[in-house]
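Listing of structure-v4.pdb, PDB, C-alpha atoms
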```
ATOM      1  CA  MET A   1     -12.092  13.589  -8.372
ATOM      2  CA  ARG A   2      -9.692  13.313  -5.465
ATOM      3  CA  ILE A   3      -8.513   9.735  -4.916
ATOM      4  CA  GLY A   4      -6.968   8.891  -1.547
ATOM      5  CA  ILE A   5      -4.709   5.852  -1.579
ATOM      6  CA  LEU A   6      -3.755   3.930   1.551
ATOM      7  CA  GLY A   7      -0.572   1.896   1.241
ATOM      8  CA  ASP A   8       0.361  -1.187   3.269
ATOM      9  CA  ILE A   9      -1.197  -0.771   6.733
ATOM     10  CA  HIS A  10       0.185  -3.858   8.501
ATOM     11  CA  ALA A  11      -2.121  -3.671  11.499
ATOM     12  CA  ASN A  12      -0.733  -0.320  12.679
ATOM     13  CA  LEU A  13      -3.829   1.495  13.908
ATOM     14  CA  GLU A  14      -1.981   4.582  15.159
ATOM     15  CA  ALA A  15      -0.510   5.211  11.714
ATOM     16  CA  LEU A  16      -3.795   4.446   9.968
ATOM     17  CA  THR A  17      -5.891   6.822  12.065
ATOM     18  CA  ALA A  18      -3.331   9.621  11.589
ATOM     19  CA  VAL A  19      -3.341   9.135   7.826
ATOM     20  CA  VAL A  20      -7.129   8.929   7.597
ATOM     21  CA  ALA A  21      -7.473  12.206   9.512
ATOM     22  CA  ALA A  22      -5.108  13.918   7.077
ATOM     23  CA  MET A  23      -6.906  12.434   4.069
ATOM     24  CA  ARG A  24     -10.285  13.609   5.337
ATOM     25  CA  ASN A  25      -8.837  17.123   5.522
ATOM     26  CA  ASP A  26      -7.730  16.689   1.899
ATOM     27  CA  GLY A  27     -11.343  16.143   0.846
ATOM     28  CA  VAL A  28     -10.985  12.628  -0.558
ATOM     29  CA  ASP A  29     -13.856  11.483  -2.802
ATOM     30  CA  THR A  30     -12.740   7.906  -3.470
ATOM     31  CA  TRP A  31     -10.828   5.723  -1.018
ATOM     32  CA  VAL A  32      -8.406   3.030  -2.202
ATOM     33  CA  GLN A  33      -6.301   0.537  -0.259
ATOM     34  CA  VAL A  34      -3.539  -1.454  -1.986
ATOM     35  CA  GLY A  35      -3.517  -4.523   0.279
ATOM     36  CA  ASP A  36      -1.612  -5.821   3.312
ATOM     37  CA  ILE A  37      -4.019  -4.569   5.927
ATOM     38  CA  VAL A  38      -2.669  -7.252   8.274
ATOM     39  CA  GLY A  39       0.723  -8.703   9.211
ATOM     40  CA  TYR A  40       3.522  -7.387  11.445
ATOM     41  CA  GLY A  41       1.386  -5.119  13.637
ATOM     42  CA  PRO A  42      -0.743  -5.622  16.767
ATOM     43  CA  GLU A  43      -4.239  -4.497  15.705
ATOM     44  CA  PRO A  44      -5.356  -6.292  12.532
ATOM     45  CA  SER A  45      -9.076  -6.390  13.342
ATOM     46  CA  ALA A  46      -9.298  -2.689  14.213
ATOM     47  CA  CYS A  47      -7.541  -1.794  10.951
ATOM     48  CA  ILE A  48      -9.887  -4.005   8.934
ATOM     49  CA  ASP A  49     -12.847  -2.317  10.632
ATOM     50  CA  LEU A  50     -11.621   1.157   9.665
ATOM     51  CA  VAL A  51     -10.908   0.162   6.058
ATOM     52  CA  ARG A  52     -14.422  -1.265   5.820
ATOM     53  CA  GLU A  53     -15.915   1.851   7.416
ATOM     54  CA  LEU A  54     -14.216   4.042   4.810
ATOM     55  CA  GLY A  55     -15.603   1.927   1.967
ATOM     56  CA  CYS A  56     -12.149   1.490   0.470
ATOM     57  CA  LEU A  57     -11.674  -0.234  -2.861
ATOM     58  CA  THR A  58      -9.238  -2.814  -1.506
ATOM     59  CA  CYS A  59      -7.160  -5.502  -3.204
ATOM     60  CA  LEU A  60      -5.522  -8.587  -1.701
ATOM     61  CA  GLY A  61      -1.961  -8.207  -0.416
ATOM     62  CA  ASN A  62       0.493 -11.033   0.149
ATOM     63  CA  HIS A  63       0.145 -10.834   3.939
ATOM     64  CA  ASP A  64      -3.629 -10.856   3.600
ATOM     65  CA  ALA A  65      -3.315 -13.950   1.409
ATOM     66  CA  ALA A  66      -0.965 -15.543   3.937
ATOM     67  CA  ALA A  67      -3.476 -14.948   6.722
ATOM     68  CA  LEU A  68      -5.986 -16.935   4.666
ATOM     69  CA  GLY A  69      -3.516 -19.763   4.090
ATOM     70  CA  LEU A  70      -3.330 -18.950   0.380
ATOM     71  CA  LEU A  71       0.387 -18.202   0.534
ATOM     72  CA  ASP A  72       3.097 -20.373   2.067
ATOM     73  CA  ILE A  73       4.719 -18.440   4.924
ATOM     74  CA  ALA A  74       7.830 -20.608   4.691
ATOM     75  CA  TYR A  75       9.020 -17.948   2.230
ATOM     76  CA  PHE A  76       8.580 -15.164   4.804
ATOM     77  CA  ASN A  77      11.495 -14.087   6.957
ATOM     78  CA  ASN A  78      11.452 -15.338  10.530
ATOM     79  CA  PHE A  79       9.919 -12.179  12.023
ATOM     80  CA  ALA A  80       7.199 -11.946   9.381
ATOM     81  CA  ARG A  81       6.453 -15.629   9.896
ATOM     82  CA  GLN A  82       6.100 -15.237  13.663
ATOM     83  CA  ALA A  83       3.848 -12.225  13.161
ATOM     84  CA  MET A  84       1.647 -14.117  10.703
ATOM     85  CA  VAL A  85       1.183 -17.035  13.092
ATOM     86  CA  TRP A  86       0.121 -14.513  15.752
ATOM     87  CA  THR A  87      -2.155 -12.684  13.282
ATOM     88  CA  ARG A  88      -3.986 -15.834  12.221
ATOM     89  CA  ALA A  89      -4.701 -16.637  15.869
ATOM     90  CA  HIS A  90      -6.133 -13.171  16.558
ATOM     91  CA  LEU A  91      -8.366 -12.540  13.542
ATOM     92  CA  ARG A  92     -12.130 -12.849  13.890
ATOM     93  CA  ALA A  93     -14.307 -14.963  11.597
ATOM     94  CA  SER A  94     -15.601 -11.730  10.013
ATOM     95  CA  ASP A  95     -12.018 -10.646   9.296
ATOM     96  CA  PHE A  96     -11.276 -13.849   7.411
ATOM     97  CA  GLU A  97     -14.499 -13.422   5.445
ATOM     98  CA  PHE A  98     -13.589  -9.849   4.500
ATOM     99  CA  LEU A  99     -10.081 -10.800   3.385
ATOM    100  CA  ARG A 100     -11.375 -13.820   1.475
ATOM    101  CA  ASN A 101     -13.503 -11.551  -0.717
ATOM    102  CA  LEU A 102     -10.684  -9.198  -1.743
ATOM    103  CA  PRO A 103      -9.662  -9.398  -5.422
ATOM    104  CA  LEU A 104      -6.088  -9.511  -6.680
ATOM    105  CA  VAL A 105      -6.753  -6.643  -9.093
ATOM    106  CA  ILE A 106      -9.361  -3.870  -9.159
ATOM    107  CA  GLN A 107      -9.987  -1.952 -12.361
ATOM    108  CA  ARG A 108     -12.165   1.120 -12.763
ATOM    109  CA  ASP A 109     -12.481   3.529 -15.689
ATOM    110  CA  GLU A 110      -9.866   5.919 -14.297
ATOM    111  CA  PHE A 111      -7.510   3.640 -12.367
ATOM    112  CA  THR A 112      -6.330   0.137 -11.466
ATOM    113  CA  VAL A 113      -5.286  -1.173  -8.028
ATOM    114  CA  VAL A 114      -2.926  -4.099  -7.384
ATOM    115  CA  HIS A 115      -0.680  -4.925  -4.458
ATOM    116  CA  GLY A 116       2.569  -5.759  -6.223
ATOM    117  CA  SER A 117       2.601  -5.556 -10.013
ATOM    118  CA  LEU A 118       0.188  -6.035 -12.892
ATOM    119  CA  HIS A 119       2.888  -8.258 -14.366
ATOM    120  CA  LEU A 120       1.883 -11.604 -12.809
ATOM    121  CA  PRO A 121      -0.070 -10.099  -9.884
ATOM    122  CA  GLU A 122      -0.543 -13.497  -8.233
ATOM    123  CA  GLN A 123       3.234 -13.702  -7.736
ATOM    124  CA  TYR A 124       3.371 -10.427  -5.781
ATOM    125  CA  GLY A 125       6.411  -9.056  -7.564
ATOM    126  CA  TYR A 126       7.950  -5.777  -6.424
ATOM    127  CA  VAL A 127       8.088  -2.596  -8.499
ATOM    128  CA  ILE A 128      11.367  -1.095  -7.309
ATOM    129  CA  SER A 129      12.986   0.161 -10.517
ATOM    130  CA  SER A 130      12.234   1.178 -14.094
ATOM    131  CA  VAL A 131      12.694  -2.439 -15.189
ATOM    132  CA  GLU A 132       9.735  -3.724 -13.158
ATOM    133  CA  ALA A 133       7.777  -0.540 -13.863
ATOM    134  CA  ARG A 134       8.001  -1.085 -17.629
ATOM    135  CA  GLU A 135       6.724  -4.653 -17.253
ATOM    136  CA  ALA A 136       3.811  -3.393 -15.174
ATOM    137  CA  LEU A 137       3.017  -0.445 -17.446
ATOM    138  CA  ASP A 138       2.847  -2.771 -20.441
ATOM    139  CA  GLN A 139      -0.026  -4.594 -18.691
ATOM    140  CA  GLN A 140      -1.788  -1.447 -17.543
ATOM    141  CA  GLN A 141      -5.125  -0.744 -19.243
ATOM    142  CA  THR A 142      -5.994   2.458 -17.385
ATOM    143  CA  ARG A 143      -4.119   5.723 -17.226
ATOM    144  CA  LEU A 144      -3.435   5.398 -13.483
ATOM    145  CA  CYS A 145      -2.365   2.402 -11.416
ATOM    146  CA  PHE A 146      -1.777   2.304  -7.645
ATOM    147  CA  VAL A 147       0.526  -0.251  -5.980
ATOM    148  CA  GLY A 148       2.327  -0.816  -2.677
ATOM    149  CA  HIS A 149       4.308  -3.838  -1.420
ATOM    150  CA  SER A 150       7.813  -2.293  -1.443
ATOM    151  CA  HIS A 151       6.943   0.222   1.325
ATOM    152  CA  ALA A 152       8.919   2.896  -0.565
ATOM    153  CA  PRO A 153       7.112   5.661  -2.503
ATOM    154  CA  ALA A 154       7.823   6.261  -6.192
ATOM    155  CA  VAL A 155       6.021   7.474  -9.312
ATOM    156  CA  TYR A 156       6.759   6.097 -12.794
ATOM    157  CA  MET A 157       5.328   7.885 -15.834
ATOM    158  CA  ARG A 158       5.369   7.026 -19.537
ATOM    159  CA  ARG A 159       4.648   9.759 -22.063
ATOM    160  CA  THR A 160       3.652   7.578 -25.041
ATOM    161  CA  PRO A 161       2.945   3.848 -25.548
ATOM    162  CA  ASN A 162       6.231   3.282 -27.354
ATOM    163  CA  ALA A 163       8.422   5.410 -25.107
ATOM    164  CA  THR A 164      11.521   3.607 -23.831
ATOM    165  CA  GLU A 165      12.346   6.198 -21.168
ATOM    166  CA  LEU A 166      10.242   6.730 -18.071
ATOM    167  CA  VAL A 167       9.963   9.710 -15.778
ATOM    168  CA  VAL A 168      10.889   8.315 -12.351
ATOM    169  CA  CYS A 169      10.345  10.102  -9.046
ATOM    170  CA  PRO A 170      11.469   8.000  -6.044
ATOM    171  CA  GLN A 171      11.108  10.371  -3.091
ATOM    172  CA  SER A 172       9.766  10.331   0.443
ATOM    173  CA  GLU A 173       7.282  13.079  -0.443
ATOM    174  CA  ILE A 174       6.114  13.718  -3.987
ATOM    175  CA  GLU A 175       4.075  16.303  -5.869
ATOM    176  CA  ILE A 176       4.210  15.834  -9.616
ATOM    177  CA  SER A 177       1.972  16.591 -12.611
ATOM    178  CA  TYR A 178       1.098  13.695 -14.870
ATOM    179  CA  ARG A 179      -0.355  15.889 -17.590
ATOM    180  CA  ASP A 180       0.795  14.755 -21.057
ATOM    181  CA  HIS A 181       1.637  11.241 -19.828
ATOM    182  CA  GLU A 182      -0.454   8.314 -21.018
ATOM    183  CA  ARG A 183       0.466   5.866 -18.236
ATOM    184  CA  VAL A 184       1.197   6.600 -14.565
ATOM    185  CA  LEU A 185       2.217   4.013 -11.962
ATOM    186  CA  VAL A 186       2.118   5.225  -8.357
ATOM    187  CA  ASN A 187       3.736   3.305  -5.505
ATOM    188  CA  VAL A 188       2.229   4.998  -2.470
ATOM    189  CA  GLY A 189       4.648   3.594   0.108
ATOM    190  CA  SER A 190       3.390   2.289   3.449
ATOM    191  CA  VAL A 191       1.012   3.590   6.075
ATOM    192  CA  GLY A 192       2.140   1.299   8.862
ATOM    193  CA  GLN A 193       5.715   0.240   8.127
ATOM    194  CA  PRO A 194       7.686   2.660   5.899
ATOM    195  CA  ARG A 195      11.006   1.377   4.585
ATOM    196  CA  ASP A 196      12.477   4.472   2.941
ATOM    197  CA  GLU A 197      14.238   5.722   6.090
ATOM    198  CA  ASP A 198      11.383   8.142   6.809
ATOM    199  CA  PRO A 199       9.376   6.749   9.746
ATOM    200  CA  ARG A 200       6.329   8.945   9.090
ATOM    201  CA  ALA A 201       3.249   7.237   7.678
ATOM    202  CA  ALA A 202       2.775   7.645   3.908
ATOM    203  CA  TYR A 203      -0.319   7.995   1.765
ATOM    204  CA  GLY A 204      -1.184   8.926  -1.799
ATOM    205  CA  LEU A 205      -3.534  11.589  -3.145
ATOM    206  CA  VAL A 206      -4.401  12.014  -6.809
ATOM    207  CA  ASP A 207      -6.365  14.975  -8.147
ATOM    208  CA  THR A 208      -7.687  13.861 -11.529
ATOM    209  CA  GLU A 209      -8.872  17.348 -12.508
ATOM    210  CA  GLN A 210      -5.519  18.984 -11.793
ATOM    211  CA  GLN A 211      -3.712  15.789 -12.930
ATOM    212  CA  ILE A 212      -1.348  15.859  -9.966
ATOM    213  CA  VAL A 213      -0.010  12.961  -7.903
ATOM    214  CA  HIS A 214       0.935  13.546  -4.282
ATOM    215  CA  VAL A 215       2.661  11.267  -1.804
ATOM    216  CA  ARG A 216       2.377  12.847   1.614
ATOM    217  CA  ARG A 217       3.784  11.975   5.052
ATOM    218  CA  VAL A 218       2.139  12.191   8.453
ATOM    219  CA  PRO A 219       3.768  11.837  11.889
ATOM    220  CA  TYR A 220       2.049   9.496  14.325
ATOM    221  CA  ASP A 221       2.551   8.080  17.820
ATOM    222  CA  ILE A 222       5.239   5.488  17.073
ATOM    223  CA  ALA A 223       5.953   4.860  20.761
ATOM    224  CA  ALA A 224       2.338   3.855  21.369
ATOM    225  CA  VAL A 225       2.303   1.189  18.665
ATOM    226  CA  GLN A 226       5.750  -0.022  19.723
ATOM    227  CA  ALA A 227       4.399  -0.583  23.226
ATOM    228  CA  LYS A 228       1.447  -2.535  21.820
ATOM    229  CA  ILE A 229       3.737  -4.715  19.677
ATOM    230  CA  ARG A 230       5.801  -5.634  22.721
ATOM    231  CA  SER A 231       2.789  -6.126  24.993
ATOM    232  CA  VAL A 232       1.225  -8.775  22.734
ATOM    233  CA  GLY A 233       4.501 -10.666  22.363
ATOM    234  CA  LEU A 234       5.357  -9.885  18.754
ATOM    235  CA  PRO A 235       9.095  -9.780  17.869
ATOM    236  CA  ASP A 236      10.856  -6.729  19.288
ATOM    237  CA  VAL A 237      12.498  -5.989  15.938
ATOM    238  CA  LEU A 238       9.055  -5.153  14.532
ATOM    239  CA  ALA A 239       8.754  -2.388  17.104
ATOM    240  CA  ASN A 240      12.306  -1.096  16.700
ATOM    241  CA  ARG A 241      12.155  -0.758  12.922
ATOM    242  CA  LEU A 242       9.236   1.677  13.087
ATOM    243  CA  SER A 243      11.459   4.395  14.599
ATOM    244  CA  LEU A 244      13.972   3.977  11.792
ATOM    245  CA  GLY A 245      11.665   3.682   8.797
ATOM    246  CA  VAL A 246      13.359   0.506   7.547
TER     247      VAL A 246
END
```
Produce structure tokens that represent the structure in this file.
Amino acid sequence: MRIGILGDIHANLEALTAVVAAMRNDGVDTWVQVGDIVGYGPEPSACIDLVRELGCLTCLGNHDAAALGLLDIAYFNNFARQAMVWTRAHLRASDFEFLRNLPLVIQRDEFTVVHGSLHLPEQYGYVISSVEAREALDQQQTRLCFVGHSHAPAVYMRRTPNATELVVCPQSEIEISYRDHERVLVNVGSVGQPRDEDPRAAYGLVDTEQQIVHVRRVPYDIAAVQAKIRSVGLPDVLANRLSLGV
């Protein structure tokens, strides 16, 4: 099975369509999306439509929850808060219904999907180091788990249940075998707003037969989405950061 994993999209349709085209060429069998379809970007409804069309197994991200009023945006930074107010005003009734039905955690025989961490998933904690990865791996019931939220790709692998040391691979692009490891936590980065100083869109691909994890990058038309961000009146900083990957 080839599992294609979409990271945080954040209403960036240009990045999403570029990534989906690449993933179709990869021959994806199962589509997964780790939450945060909306927020920051200018085309939330179009991105929701494409995720639905793909039949993605999708979990609830913190920005998705905020759009529903389930999360207090007072804790967001000023730009994220402005973007969320705009997003709420531009979502359709069908968009709210779709987001409302997304679970916090998805578990299948082979893998689990959560936005932040399996350690208190409702608190949307970040997995950004071995410390948080160990907490998450201790809660993980399947061999594979896919997360996003930090917008920075990384793979954390544990060889045995009692192992204190993890194999950690925090890179912009990744190809690594997970053979002989009993738990694997994959942060697939972000489709629509990378923050690892690589502005290209990121996505994950896992081949369960070969037991290989990939994080791949795809260039997309950043200028086009920047123009859309500015044209709808979203904060200019949200356009500028896309060129920098921060």
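Running the PyMOL selection byres ((chain A and resi 13) around 9) on this file leaves Ile9, His10, Ala11, Asn12, Glu14, Ala15, Leu16, Thr17, Ala18, Gly41, Pro42, Glu43, Pro44, Ala46, Cys47, Leu50, Gly192 and Val225 of chain A selected.
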With a distance cut-off of 10 Å and only C-alpha atoms, select the neighbouring residues of Leu238 of chain A, excluding the residue or stretch itself and same-chain residues fewer than 3 positions from it, and output the selection as an NGL selection string.
:A and (40-41 or 79-80 or 83 or 193 or 226 or 229-230 or 234-235 or 241-243 or 246)
What's around Pro121 of chain A at 10 Å? Count all atoms listed in the file, leave out sequence neighbours fewer than 5 positions away in its own chain, and write the answer as a PyMOL selection string.
chain A and resi 60-61+104-105+114-116+126+136
Which of these residues is nearest to Gln123 of chain A, using only C-alpha atoms: A:Asp72, A:Glu197, A:Asp207, A:Asp29?
A:Asp72
Go through the shown structure with the PyMOL selection byres ((chain A and resi 146-150) around 6) and write out the matching residues as a tab-separated table (two decimals) with C-alpha atoms, keeping the file's coordinate frame.
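Heads up, here's the output in expr_13.tsv:
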```tsv
chain	number	residue	atom	x	y	z
A	7	GLY	CA	-0.57	1.90	1.24
A	34	VAL	CA	-3.54	-1.45	-1.99
A	113	VAL	CA	-5.29	-1.17	-8.03
A	114	VAL	CA	-2.93	-4.10	-7.38
A	115	HIS	CA	-0.68	-4.92	-4.46
A	116	GLY	CA	2.57	-5.76	-6.22
A	145	CYS	CA	-2.37	2.40	-11.42
A	151	HIS	CA	6.94	0.22	1.32
A	152	ALA	CA	8.92	2.90	-0.56
A	186	VAL	CA	2.12	5.22	-8.36
A	187	ASN	CA	3.74	3.30	-5.50
A	188	VAL	CA	2.23	5.00	-2.47
A	189	GLY	CA	4.65	3.59	0.11
```
Nearest candidate to Tyr178 of chain A (options A:Thr164, A:Gln211, A:Asp236, A:Asn78; using only C-alpha atoms):
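Of all the options, A:Gln211 lies closest to Tyr178 of chain A.
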Write out as number ranges by chain each polymer residue whose atoms come within 6 Å of Asp8 of chain A, counting all atoms listed in the file; drop sequence neighbours fewer than 2 positions from it.
A: 10, 35-36, 190-191
Interatomic distance between atom CA of Arg143 of chain A and atom CA of Ala201 of chain A?
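Value for the atom CA of Arg143 of chain A-atom CA of Ala201 of chain A distance: 26.0 Å.
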Rank A:Thr30, A:Ser130, A:Asn162, A:Asn101 by their smallest atom-to-atom distance to Asp64 of chain A, using all atoms listed in the file, and report the top residue only.
A:Asn101
Rounded to one decimal, what separation in Å do you get between atom CA of Asp95 of chain A and atom CA of Leu71 of chain A?
17.0 Å
Can you measure atom CA of Thr208 of chain A to atom CA of Ser129 of chain A for me? One decimal in Å is fine.
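These atoms are spaced 24.8 Å apart.
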Hits of the PyMOL selection byres ((chain A and resi 166) around 10) in this structure, as a list in words:
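With the shown file as input, the PyMOL selection byres ((chain A and resi 166) around 10) matches Ser130, Val131, Ala133, Arg134, Val155, Tyr156, Met157, Arg158, Arg159, Thr160, Ala163, Thr164, Glu165, Val167, Val168, Cys169, His181, Arg183 and Val184 of chain A.
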Could N, CA, C and O atoms be built for segment 186-197 of chain A and written out as an mmCIF file, in the coordinates of the input?
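The new file result_29.cif reads:
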```cif
data_model
loop_
_atom_site.group_PDB
_atom_site.id
_atom_site.type_symbol
_atom_site.label_atom_id
_atom_site.label_comp_id
_atom_site.auth_asym_id
_atom_site.auth_seq_id
_atom_site.Cartn_x
_atom_site.Cartn_y
_atom_site.Cartn_z
ATOM 1 N N VAL A 186 1.833 4.559 -9.623
ATOM 2 C CA VAL A 186 2.118 5.225 -8.357
ATOM 3 C C VAL A 186 2.293 4.183 -7.256
ATOM 4 O O VAL A 186 1.360 3.450 -6.926
ATOM 5 N N ASN A 187 3.500 4.105 -6.700
ATOM 6 C CA ASN A 187 3.736 3.305 -5.505
ATOM 7 C C ASN A 187 3.597 4.253 -4.318
ATOM 8 O O ASN A 187 4.405 5.172 -4.154
ATOM 9 N N VAL A 188 2.575 4.021 -3.512
ATOM 10 C CA VAL A 188 2.229 4.998 -2.470
ATOM 11 C C VAL A 188 2.976 4.781 -1.160
ATOM 12 O O VAL A 188 2.716 5.469 -0.173
ATOM 13 N N GLY A 189 3.913 3.833 -1.133
ATOM 14 C CA GLY A 189 4.648 3.594 0.108
ATOM 15 C C GLY A 189 3.791 2.857 1.120
ATOM 16 O O GLY A 189 2.864 2.141 0.771
ATOM 17 N N SER A 190 4.069 3.045 2.394
ATOM 18 C CA SER A 190 3.390 2.289 3.449
ATOM 19 C C SER A 190 2.831 3.205 4.525
ATOM 20 O O SER A 190 3.511 4.131 4.978
ATOM 21 N N VAL A 191 1.604 2.915 4.924
ATOM 22 C CA VAL A 191 1.012 3.590 6.075
ATOM 23 C C VAL A 191 1.718 3.147 7.358
ATOM 24 O O VAL A 191 2.201 3.956 8.139
ATOM 25 N N GLY A 192 1.787 1.821 7.552
ATOM 26 C CA GLY A 192 2.140 1.299 8.862
ATOM 27 C C GLY A 192 3.541 0.805 9.055
ATOM 28 O O GLY A 192 3.943 0.518 10.199
ATOM 29 N N GLN A 193 4.338 0.697 7.972
ATOM 30 C CA GLN A 193 5.715 0.240 8.127
ATOM 31 C C GLN A 193 6.589 0.772 6.991
ATOM 32 O O GLN A 193 7.057 0.022 6.136
ATOM 33 N N PRO A 194 6.839 2.093 6.951
ATOM 34 C CA PRO A 194 7.686 2.660 5.899
ATOM 35 C C PRO A 194 9.093 2.064 5.908
ATOM 36 O O PRO A 194 9.628 1.742 6.975
ATOM 37 N N ARG A 195 9.657 1.932 4.708
ATOM 38 C CA ARG A 195 11.006 1.377 4.585
ATOM 39 C C ARG A 195 11.903 2.250 3.711
ATOM 40 O O ARG A 195 12.793 1.757 3.024
ATOM 41 N N ASP A 196 11.661 3.546 3.728
ATOM 42 C CA ASP A 196 12.477 4.472 2.941
ATOM 43 C C ASP A 196 13.260 5.410 3.846
ATOM 44 O O ASP A 196 13.645 6.500 3.448
ATOM 45 N N GLU A 197 13.486 4.974 5.087
ATOM 46 C CA GLU A 197 14.238 5.722 6.090
ATOM 47 C C GLU A 197 13.529 6.999 6.537
ATOM 48 O O GLU A 197 14.146 7.893 7.118
#
```
